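Okay, model-v5.csv is below, CSV, C-alpha atoms:
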chain,number,residue,atom,x,y,z
A,1,MET,CA,108.9,127.5,68.5
A,2,LYS,CA,108.1,130.6,70.6
A,3,THR,CA,105.5,128.7,72.5
A,4,ALA,CA,107.9,125.9,73.3
A,5,THR,CA,110.5,128.5,74.4
A,6,LEU,CA,107.9,130.2,76.7
A,7,ILE,CA,106.9,126.9,78.3
A,8,LEU,CA,110.5,125.9,78.9
A,9,SER,CA,111.3,129.3,80.4
A,10,SER,CA,108.3,129.0,82.7
A,11,LEU,CA,109.5,125.6,83.9
A,12,ILE,CA,112.9,126.9,84.6
A,13,ILE,CA,111.6,129.9,86.6
A,14,THR,CA,109.1,127.9,88.6
A,15,GLY,CA,111.5,125.0,89.0
A,16,CYS,CA,113.3,126.9,91.7
A,17,ASN,CA,110.4,126.0,94.0
A,18,LEU,CA,109.9,122.4,92.8
A,19,THR,CA,111.4,119.4,94.5
A,20,THR,CA,111.4,115.7,93.7
A,21,ASN,CA,110.0,114.9,97.2
A,22,THR,CA,107.2,112.4,97.6
A,23,PRO,CA,104.1,113.5,99.5
A,24,ALA,CA,104.7,113.8,103.2
A,25,THR,CA,103.9,110.7,105.1
A,26,LEU,CA,101.7,110.5,108.2
A,27,ALA,CA,104.9,110.3,110.3
A,28,GLU,CA,106.2,113.5,108.8
A,29,THR,CA,103.1,115.6,108.9
A,30,GLN,CA,101.3,114.5,112.1
A,31,THR,CA,104.2,113.6,114.5
A,32,SER,CA,102.0,111.8,117.0
A,33,TYR,CA,99.7,114.6,118.3
A,34,SER,CA,97.1,112.1,119.4
A,35,TYR,CA,96.1,109.3,121.8
A,36,ILE,CA,99.1,106.9,122.0
A,37,PRO,CA,98.3,103.4,123.3
A,38,PHE,CA,101.0,100.9,124.3
A,39,ASP,CA,101.5,97.6,126.1
A,40,PRO,CA,100.1,97.9,129.7
A,41,LEU,CA,102.5,98.9,132.4
A,42,PRO,CA,102.2,98.4,136.2
A,43,VAL,CA,101.2,101.2,138.6
A,44,GLN,CA,101.7,101.9,142.2
A,45,THR,CA,98.4,102.4,144.1
A,46,LEU,CA,98.2,104.8,147.1
A,47,LEU,CA,95.2,106.2,149.0
A,48,GLY,CA,93.5,109.1,147.3
A,49,ALA,CA,92.5,112.4,148.9
A,50,SER,CA,89.0,111.0,149.5
A,51,CYS,CA,90.4,108.6,152.0
A,52,SER,CA,91.2,111.4,154.4
A,53,PRO,CA,88.0,113.3,155.1
A,54,SER,CA,88.4,117.0,155.8
A,55,GLU,CA,87.7,118.6,159.2
A,56,GLU,CA,84.7,120.4,157.7
A,57,GLU,CA,83.2,117.1,156.6
A,58,LYS,CA,83.7,115.6,160.0
A,59,LEU,CA,81.8,118.5,161.6
A,60,PHE,CA,78.7,117.9,159.5
A,61,LYS,CA,78.5,114.2,159.6
A,62,SER,CA,79.9,111.4,161.8
A,63,ILE,CA,82.2,109.6,159.4
A,64,ARG,CA,83.5,106.2,160.2
A,65,GLN,CA,86.7,104.8,158.7
A,66,PRO,CA,86.7,105.4,154.9
A,67,VAL,CA,86.6,102.2,152.9
A,68,LEU,CA,88.5,101.7,149.6
A,69,ARG,CA,86.2,101.8,146.6
A,70,ASP,CA,85.8,98.6,144.7
A,71,LEU,CA,88.2,98.6,141.7
A,72,ARG,CA,85.3,97.9,139.4
A,73,HIS,CA,83.8,101.2,140.3
A,74,ALA,CA,87.0,103.2,141.0
A,75,PHE,CA,87.6,104.6,137.5
A,76,PRO,CA,85.4,107.6,136.6
A,77,ASP,CA,85.6,107.5,132.8
A,78,GLN,CA,84.5,105.0,130.2
A,79,THR,CA,86.0,105.6,126.8
A,80,VAL,CA,86.4,104.0,123.4
A,81,ARG,CA,89.5,105.3,121.6
A,82,LEU,CA,90.7,104.6,118.0
A,83,ALA,CA,94.4,105.0,117.2
A,84,VAL,CA,95.9,104.6,113.8
A,85,ALA,CA,99.7,104.3,113.3
A,86,GLU,CA,101.8,104.0,110.2
A,87,PHE,CA,104.9,101.7,110.2
A,88,THR,CA,107.9,103.9,109.5
A,89,ALA,CA,111.0,102.9,107.4
A,90,ASN,CA,112.9,101.8,110.6
A,91,GLY,CA,110.1,99.6,111.8
A,92,GLY,CA,108.7,102.0,114.3
A,93,LEU,CA,105.1,103.3,114.6
A,94,SER,CA,104.0,106.9,114.1
A,95,PHE,CA,100.5,107.7,115.5
A,96,GLY,CA,98.3,110.4,114.0
A,97,PRO,CA,94.7,111.4,113.4
A,98,SER,CA,94.5,110.1,109.8
A,99,THR,CA,92.1,107.2,109.1
A,100,VAL,CA,93.1,106.6,105.5
A,101,GLY,CA,95.6,104.0,104.4
A,102,PHE,CA,97.6,104.1,101.1
A,103,GLU,CA,98.7,101.3,98.8
A,104,GLY,CA,102.0,99.7,99.6
A,105,LYS,CA,102.1,100.9,103.2
A,106,SER,CA,101.5,99.1,106.5
A,107,TYR,CA,99.4,100.3,109.5
A,108,GLN,CA,98.3,99.3,112.9
A,109,VAL,CA,94.8,100.2,114.1
A,110,ILE,CA,94.1,99.9,117.8
A,111,ILE,CA,90.7,100.2,119.3
A,112,ASP,CA,90.5,100.5,123.2
A,113,TYR,CA,87.5,100.1,125.4
A,114,ALA,CA,88.5,101.1,128.9
A,115,ASN,CA,87.4,102.3,132.3
A,116,THR,CA,90.1,104.9,133.1
A,117,ASP,CA,91.3,107.6,135.4
A,118,THR,CA,93.5,110.4,134.1
A,119,VAL,CA,96.8,111.0,136.0
A,120,LYS,CA,99.2,113.9,135.4
A,121,GLY,CA,102.5,112.6,134.2
A,122,SER,CA,105.3,115.0,134.8
A,123,PHE,CA,108.6,114.5,133.0
A,124,LEU,CA,111.8,116.4,132.2
A,125,VAL,CA,112.5,116.4,128.5
A,126,LYS,CA,115.5,117.6,126.4
A,127,ARG,CA,115.4,118.0,122.7
A,128,GLU,CA,118.5,117.8,120.5
A,129,ILE,CA,119.3,117.9,116.8
A,130,SER,CA,120.2,114.5,115.5
A,131,GLY,CA,120.5,115.2,111.7
A,132,GLN,CA,119.3,117.1,108.7
A,133,ILE,CA,118.0,115.6,105.4
A,134,PRO,CA,119.5,117.4,102.4
A,135,GLU,CA,117.0,119.0,100.1
A,136,THR,CA,117.7,119.3,96.3
A,137,LYS,CA,116.1,121.2,93.5
A,138,TRP,CA,114.7,119.3,90.6
A,139,TRP,CA,117.8,119.9,88.4
A,140,GLY,CA,120.2,118.8,91.2
A,141,GLY,CA,121.0,122.2,92.8
A,142,LYS,CA,121.1,122.5,96.6
A,143,TYR,CA,118.7,124.7,98.6
A,144,THR,CA,120.2,127.1,101.0
A,145,LEU,CA,118.9,126.1,104.4
A,146,PRO,CA,120.0,127.1,107.9
A,147,LYS,CA,122.5,124.6,109.2
A,148,TYR,CA,121.5,122.9,112.4
A,149,GLU,CA,124.5,121.3,114.1
A,150,THR,CA,124.1,117.8,115.4
A,151,TYR,CA,123.6,117.6,119.2
A,152,LYS,CA,122.6,121.2,119.3
A,153,GLN,CA,119.8,121.7,121.9
A,154,VAL,CA,116.6,123.4,120.8
A,155,LYS,CA,113.5,124.3,122.8
A,156,LEU,CA,110.6,121.8,122.8
A,157,PHE,CA,108.2,124.1,121.0
A,158,GLU,CA,110.8,125.7,118.7
A,159,ASP,CA,109.6,125.6,115.0
A,160,ILE,CA,112.3,123.9,112.9
A,161,PRO,CA,112.2,122.8,109.3
A,162,MET,CA,110.6,119.4,108.6
A,163,ARG,CA,113.8,118.0,107.2
A,164,VAL,CA,115.7,118.7,110.5
A,165,ILE,CA,115.4,115.6,112.7
A,166,SER,CA,115.4,116.0,116.5
A,167,LYS,CA,115.6,113.4,119.2
A,168,TYR,CA,114.3,113.5,122.8
A,169,SER,CA,115.7,112.5,126.1
A,170,VAL,CA,113.0,111.9,128.8
A,171,GLU,CA,113.4,111.5,132.6
A,172,PRO,CA,110.7,111.3,135.3
A,173,ASN,CA,110.3,114.6,137.1
A,174,PRO,CA,112.0,113.9,140.5
A,175,THR,CA,110.2,116.7,142.3
A,176,VAL,CA,106.7,115.3,141.6
A,177,SER,CA,105.4,112.5,143.8
A,178,LEU,CA,104.1,110.3,141.0
A,179,PHE,CA,106.6,107.6,140.9
A,180,ASN,CA,107.8,104.8,143.2
A,181,LYS,CA,110.4,106.8,145.0
A,182,PRO,CA,109.1,107.7,148.5
A,183,PRO,CA,106.7,110.6,147.8
A,184,ILE,CA,107.7,113.8,149.7
A,185,GLN,CA,104.4,114.1,151.6
A,186,PHE,CA,104.6,110.5,152.8
A,187,VAL,CA,108.1,111.0,154.3
A,188,GLU,CA,106.8,113.6,156.8
A,189,ASN,CA,105.8,110.9,159.3
A,190,LYS,CA,109.5,109.9,159.6
A,191,SER,CA,112.3,112.0,161.0
A,192,SER,CA,112.6,115.6,159.9
A,193,GLU,CA,116.2,114.9,158.9
A,194,LEU,CA,115.3,112.1,156.5
A,195,ASN,CA,112.5,114.2,155.0
A,196,GLN,CA,114.8,117.1,154.4
A,197,LYS,CA,117.4,114.8,152.9
A,198,VAL,CA,115.0,113.2,150.4
A,199,VAL,CA,113.6,116.6,149.4
A,200,LYS,CA,117.1,118.0,148.9
A,201,GLN,CA,118.2,115.0,146.8
A,202,ARG,CA,115.2,115.4,144.5
A,203,ILE,CA,115.5,119.2,144.1
A,204,ASP,CA,119.3,118.8,143.4
A,205,GLN,CA,118.6,116.2,140.8
A,206,ALA,CA,115.9,118.3,139.1
A,207,GLU,CA,118.1,121.4,139.1
A,208,LYS,CA,121.0,119.4,137.5
A,209,LEU,CA,118.7,118.2,134.7
A,210,LEU,CA,117.3,121.7,134.1
A,211,MET,CA,120.8,123.1,133.9
A,212,GLU,CA,121.6,120.5,131.2
A,213,GLY,CA,118.7,121.8,129.1
A,214,TYR,CA,115.8,119.7,130.2
A,215,GLU,CA,112.3,121.2,130.3
A,216,VAL,CA,109.3,120.3,132.4
A,217,VAL,CA,106.5,118.6,130.4
A,218,ASN,CA,103.1,117.5,131.9
A,219,LEU,CA,100.8,115.3,129.9
A,220,PRO,CA,97.7,113.1,130.6
A,221,VAL,CA,98.4,109.4,131.4
A,222,TYR,CA,95.5,107.0,131.3
A,223,VAL,CA,95.3,104.4,134.1
A,224,GLY,CA,92.6,101.8,134.1
A,225,VAL,CA,91.3,98.4,132.9
A,226,GLY,CA,89.6,97.4,129.7
A,227,LEU,CA,89.9,95.6,126.3
A,228,ARG,CA,92.0,96.2,123.2
A,229,LEU,CA,91.7,95.0,119.6
A,230,THR,CA,94.7,95.5,117.4
A,231,ALA,CA,94.7,95.1,113.6
A,232,THR,CA,98.0,95.0,111.7
A,233,ILE,CA,97.3,95.9,108.1
A,234,ASN,CA,99.1,95.8,104.7
A,235,VAL,CA,97.3,97.9,102.1
A,236,LEU,CA,97.3,96.1,98.7
A,237,ASN,CA,95.2,98.4,96.5
A,238,GLY,CA,94.5,102.1,96.3
A,239,LYS,CA,93.3,104.0,99.4
A,240,VAL,CA,91.4,102.2,102.2
A,241,ASN,CA,89.2,103.3,105.0
A,242,LEU,CA,90.7,102.6,108.5
A,243,SER,CA,88.1,104.4,110.5
A,244,GLY,CA,86.7,101.4,112.3
A,245,LEU,CA,86.3,97.6,112.4
A,246,PRO,CA,83.4,97.4,110.0
A,247,ALA,CA,85.2,99.6,107.4
A,248,ILE,CA,88.4,97.4,107.8
A,249,ALA,CA,86.4,94.2,107.5
A,250,ALA,CA,84.8,95.5,104.3
A,251,GLU,CA,88.1,96.5,102.8
A,252,ALA,CA,89.5,93.0,103.7
A,253,GLN,CA,86.5,91.4,102.1
A,254,SER,CA,87.1,93.4,98.9
A,255,GLY,CA,90.7,92.2,98.8
A,256,ASN,CA,92.2,95.7,99.3
A,257,LEU,CA,94.1,94.8,102.4
A,258,THR,CA,95.4,91.8,104.4
A,259,GLY,CA,96.5,91.6,108.0
A,260,THR,CA,96.2,90.0,111.4
A,261,LEU,CA,93.9,90.6,114.4
A,262,VAL,CA,94.8,90.5,118.2
A,263,VAL,CA,92.3,90.7,121.1
A,264,GLN,CA,93.7,91.3,124.6
A,265,THR,CA,92.5,92.5,128.0
A,266,LEU,CA,94.1,95.4,129.9
A,267,GLY,CA,94.3,94.7,133.6
A,268,ALA,CA,91.5,92.1,133.6
A,269,THR,CA,92.1,88.3,133.8
A,270,GLY,CA,90.5,85.1,135.1
A,271,GLU,CA,88.6,82.1,133.9
A,272,LEU,CA,85.9,84.2,132.4
A,273,VAL,CA,88.4,85.9,130.1
A,274,SER,CA,90.0,82.7,129.0
A,275,ALA,CA,86.6,81.3,128.1
A,276,ASN,CA,85.6,84.3,126.0
A,277,LEU,CA,88.8,85.3,124.2
A,278,PRO,CA,88.7,84.5,120.5
A,279,LEU,CA,91.6,82.9,118.6
A,280,PRO,CA,91.6,85.1,115.4
A,281,SER,CA,94.1,84.4,112.7
A,282,GLU,CA,93.8,86.2,109.4
A,283,LEU,CA,91.9,89.5,109.1
A,284,ASN,CA,88.5,89.1,107.4
A,285,ARG,CA,84.8,89.8,108.0
A,286,THR,CA,84.2,86.7,110.0
A,287,THR,CA,87.1,87.2,112.4
A,288,VAL,CA,86.2,90.8,112.9
A,289,GLN,CA,82.6,89.9,113.8
A,290,ASN,CA,83.7,87.2,116.2
A,291,SER,CA,86.1,89.6,117.9
A,292,ILE,CA,83.4,92.2,118.3
A,293,LEU,CA,81.1,89.6,119.9
A,294,SER,CA,83.9,88.5,122.2
A,295,LEU,CA,84.7,92.0,123.3
A,296,GLY,CA,81.1,92.6,124.1
A,297,SER,CA,80.9,89.5,126.2
A,298,ILE,CA,84.1,90.3,128.1
A,299,LYS,CA,83.0,93.9,128.6
A,300,ALA,CA,79.8,92.8,130.3
A,301,LEU,CA,81.9,90.6,132.6
A,302,LEU,CA,84.3,93.3,133.8
A,303,TYR,CA,82.0,93.9,136.8
A,304,ASP,CA,81.7,90.3,137.7
A,305,ASP,CA,83.2,89.3,141.1
A,306,LYS,CA,85.1,86.5,139.5
A,307,MET,CA,87.2,88.9,137.4
A,308,HIS,CA,90.6,89.8,138.7
A,309,ILE,CA,91.1,93.5,138.2
A,310,THR,CA,94.5,95.3,138.3
A,311,PRO,CA,95.0,98.9,137.4
A,312,ARG,CA,97.4,99.4,134.5
A,313,VAL,CA,98.9,102.3,132.5
A,314,ILE,CA,97.4,101.8,129.0
A,315,GLY,CA,98.3,105.0,127.1
A,316,ILE,CA,99.0,108.7,127.0
A,317,TYR,CA,97.8,111.8,125.2
A,318,ASN,CA,100.7,113.4,123.4
A,319,PRO,CA,100.4,117.2,123.2
A,320,ILE,CA,104.1,117.7,122.2
A,321,GLY,CA,104.5,115.8,119.0
A,322,GLY,CA,108.1,114.8,118.4
A,323,GLY,CA,107.2,111.5,116.8
A,324,GLN,CA,108.4,108.1,117.9
A,325,SER,CA,111.5,109.5,119.7
A,326,PHE,CA,109.5,111.4,122.2
A,327,VAL,CA,106.9,108.7,122.6
A,328,ASN,CA,109.6,106.0,123.2
A,329,GLY,CA,111.2,108.3,125.9
A,330,ILE,CA,107.9,108.7,127.7
A,331,ILE,CA,107.2,104.9,127.6
A,332,SER,CA,110.7,104.2,128.8
A,333,ALA,CA,110.3,106.6,131.8
A,334,LEU,CA,107.0,105.0,132.7
A,335,ALA,CA,108.5,101.6,132.5
A,336,SER,CA,111.5,102.5,134.6
A,337,GLU,CA,109.5,103.8,137.6
A,338,ARG,CA,105.9,103.0,138.5
A,339,LEU,CA,103.4,105.7,138.1
A,340,THR,CA,101.3,106.3,141.2
A,341,TRP,CA,97.5,106.1,140.9
A,342,TYR,CA,95.5,107.4,143.9
A,343,ARG,CA,92.6,105.0,144.6
A,344,PRO,CA,89.4,106.7,145.9
A,345,CYS,CA,87.5,105.8,149.0
A,346,ASP,CA,83.9,105.7,150.0
A,347,TYR,CA,82.7,107.2,153.3
A,348,ILE,CA,80.6,105.2,155.7
A,349,TYR,CA,78.4,107.5,157.7
A,350,ASP,CA,76.9,107.0,161.1
A,351,ASP,CA,73.1,106.3,160.6
A,352,LYS,CA,72.3,108.5,163.6
A,353,SER,CA,74.0,111.6,162.1
Using the file provided, produce a representation of the structure as structure tokens.
Amino acid sequence: MKTATLILSSLIITGCNLTTNTPATLAETQTSYSYIPFDPLPVQTLLGASCSPSEEEKLFKSIRQPVLRDLRHAFPDQTVRLAVAEFTANGGLSFGPSTVGFEGKSYQVIIDYANTDTVKGSFLVKREISGQIPETKWWGGKYTLPKYETYKQVKLFEDIPMRVISKYSVEPNPTVSLFNKPPIQFVENKSSELNQKVVKQRIDQAEKLLMEGYEVVNLPVYVGVGLRLTATINVLNGKVNLSGLPAIAAEAQSGNLTGTLVVQTLGATGELVSANLPLPSELNRTTVQNSILSLGSIKALLYDDKMHITPRVIGIYNPIGGGQSFVNGIISALASERLTWYRPCDYIYDDKS
């Protein structure tokens, strides 16, 4: 009897720190600190700094008119990126670094092979409280938590409890020449009055947003061309490995998951693509192997003259977190105004120099 009383007393004492919460999901714990791929978006292409040789370069060598670099060789980086996202309760996607799937949940695994250049995306972002999930003790009592008022503004990097939900409003930074409004430096060739008017409009717009609580956020935006393989997965049994196509194919073969497979190009099209794209249906070892072979074939053809290459925005790296609300805001801003990518040039030197 004494033993039972001691056990019950211990449970009551420790129960103050127990909740009936389920384990935190990927969406709750990781909040999208990762590479975020999305459907390709158009870009505006302008001449890069290498298309205007400096006076010092002109002194040492006789430089003819710079020539735009071929698009197939214009992107300095070649990368293969894996992104794993969990479908949330409202049907959205929450990206994170986890590569393990759990029974009863659905995921999207995206593998990108791309030739890219990294552009600085500059945005104005405002964060507001949109709600607070009540937390209860195991016997039904309420925890005493700071009350966060709905619509209250908080700083982007302010640490708030996980159960407090915030939303993000995102606007392109009007003072940075990255979008399709006439860049400030390109207005200088026109009248000084017009230049000053454009500059003033942008500064006024930025100051208005900053006064409303917006903060400046700069993050990497990836522009380029490439290939993408997307697997949409439903986990049927236990825990599954989502770290790559071979692992996913093995789990599908074992009956631990089901799903679909999509292969697409990013900024590359033409007859060669049509001839090599597979038509996968269900997700299994055969369709995965066929997709890998097709990706390899198209990858080898990216430098073929018959391929039509168009630079596209294919993803971002999210250093802020903020979950789907922040990511959706960035994507919306990129879709509303074209990001500018500065295409490099190659110099043609005089042979006599």
>> Counting only C-alpha atoms, which residue out of A:Tyr317, A:Phe75, A:Phe326, A:Tyr214 sits closest to Trp341 of chain A?
In response: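 Checking each of A:Tyr317, A:Phe75, A:Phe326, A:Tyr214 against Trp341 of chain A, counting only C-alpha atoms, the winner is A:Phe75.
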Within 12 Å of (89.9, 111.9, 104.8) in the file's own coordinates, which protein, DNA or RNA residues have an atom, counting all atoms listed in the file? List them as a PDB file with C-alpha atoms, keeping the file's coordinate frame.
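Result file follows (point_24.pdb):
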ATOM      1  CA  PRO A  97      94.700 111.400 113.400  1.00  0.00           C
ATOM      2  CA  SER A  98      94.500 110.100 109.800  1.00  0.00           C
ATOM      3  CA  THR A  99      92.100 107.200 109.100  1.00  0.00           C
ATOM      4  CA  VAL A 100      93.100 106.600 105.500  1.00  0.00           C
ATOM      5  CA  GLY A 101      95.600 104.000 104.400  1.00  0.00           C
ATOM      6  CA  PHE A 102      97.600 104.100 101.100  1.00  0.00           C
ATOM      7  CA  LYS A 239      93.300 104.000  99.400  1.00  0.00           C
ATOM      8  CA  VAL A 240      91.400 102.200 102.200  1.00  0.00           C
ATOM      9  CA  ASN A 241      89.200 103.300 105.000  1.00  0.00           C
ATOM     10  CA  LEU A 242      90.700 102.600 108.500  1.00  0.00           C
ATOM     11  CA  SER A 243      88.100 104.400 110.500  1.00  0.00           C
TER      12      SER A 243
END
> atom CA of Val217 of chain A to atom CA of Val43 of chain A: how many Å, to one decimal?
Replying inline: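 We find that atom CA of Val217 of chain A and atom CA of Val43 of chain A lie 20.0 Å from each other.
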> Hey, what's within 8 Å of Pro278 of chain A if we count all atoms listed in the file and toss same-chain stuff fewer than 2 positions away? As a list in words, please?
Replying inline: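 Skipping anything fewer than 2 positions along the chain leaves Val263, Asn276, Pro280, Asn290, Ser291 and Ser294 of chain A.
Atom CA of Val327 of chain A to atom CA of Thr230 of chain A spans 18.7 Å [interatomic distance, one decimal].
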> What does the distance from atom CA of Leu47 of chain A to atom CA of Pro344 of chain A come to in Å, to one decimal?
Replying inline: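 Here the two named atoms are 6.6 Å from each other.
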>> List as an NGL selection string the protein and nucleic acid residues near Leu257 of chain A, meaning an atom at most 6 Å away when all atoms listed in the file are counted, but skip any in the same chain fewer than 3 places from it.
In response: :A and (234-236 or 252)
> Hey, what's within 8 Å of segment 125-128 of chain A if we count only C-alpha atoms and toss same-chain stuff fewer than 6 positions away? As a ChimeraX atom specification, please?
Replying inline: /A:150-156,166-171,213-217
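Distance annotation: of A:Leu266, A:Val223, A:His73, A:Tyr107, the residue with the minimal separation from Asp304 of chain A is A:His73; atom set is only C-alpha atoms.
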>> Taking 2 positions as the minimum chain separation for residues in the same chain, which residues sit within 10 Å of Ile248 of chain A when counting all atoms listed in the file? Answer as a list in words.
In response: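 Counting all atoms listed in the file, the residues come to Val109, Ala231, Ile233, Val240, Asn241, Leu242, Ser243, Gly244, Leu245, Pro246, Ala250, Glu251, Ala252, Gln253, Ser254, Asn256, Leu257, Thr258, Gly259, Leu283, Asn284, Arg285 and Val288 of chain A.
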>> Give me, as JSON, numbers by chain, all polymer residues having an atom no more than 8 Å from Pro311 of chain A, counting only C-alpha atoms and skipping those fewer than 2 positions away in the same chain.
In response: {"A": [42, 43, 223, 224, 225, 267, 309, 313]}
Write the residues of the selection above to a file with C-alpha atoms, as a PDB file, in the frame of the given file.
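Result file follows (selection19.pdb):
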ATOM      1  CA  PRO A  42     102.200  98.400 136.200  1.00  0.00           C
ATOM      2  CA  VAL A  43     101.200 101.200 138.600  1.00  0.00           C
ATOM      3  CA  VAL A 223      95.300 104.400 134.100  1.00  0.00           C
ATOM      4  CA  GLY A 224      92.600 101.800 134.100  1.00  0.00           C
ATOM      5  CA  VAL A 225      91.300  98.400 132.900  1.00  0.00           C
ATOM      6  CA  GLY A 267      94.300  94.700 133.600  1.00  0.00           C
ATOM      7  CA  ILE A 309      91.100  93.500 138.200  1.00  0.00           C
ATOM      8  CA  VAL A 313      98.900 102.300 132.500  1.00  0.00           C
TER       9      VAL A 313
END
> So which one's closest to Phe123 of chain A, A:Tyr35, A:Thr175, A:Val199, A:Leu302? Using all atoms listed in the file, please.
Replying inline: A:Thr175
> Which residue, A:Leu41, A:Met162, A:Val119, A:Ala268, has the smallest gap to Leu71 of chain A when you use only C-alpha atoms?
Replying inline: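 Ranking A:Leu41, A:Met162, A:Val119, A:Ala268 by distance to Leu71 of chain A, first place goes to A:Ala268.
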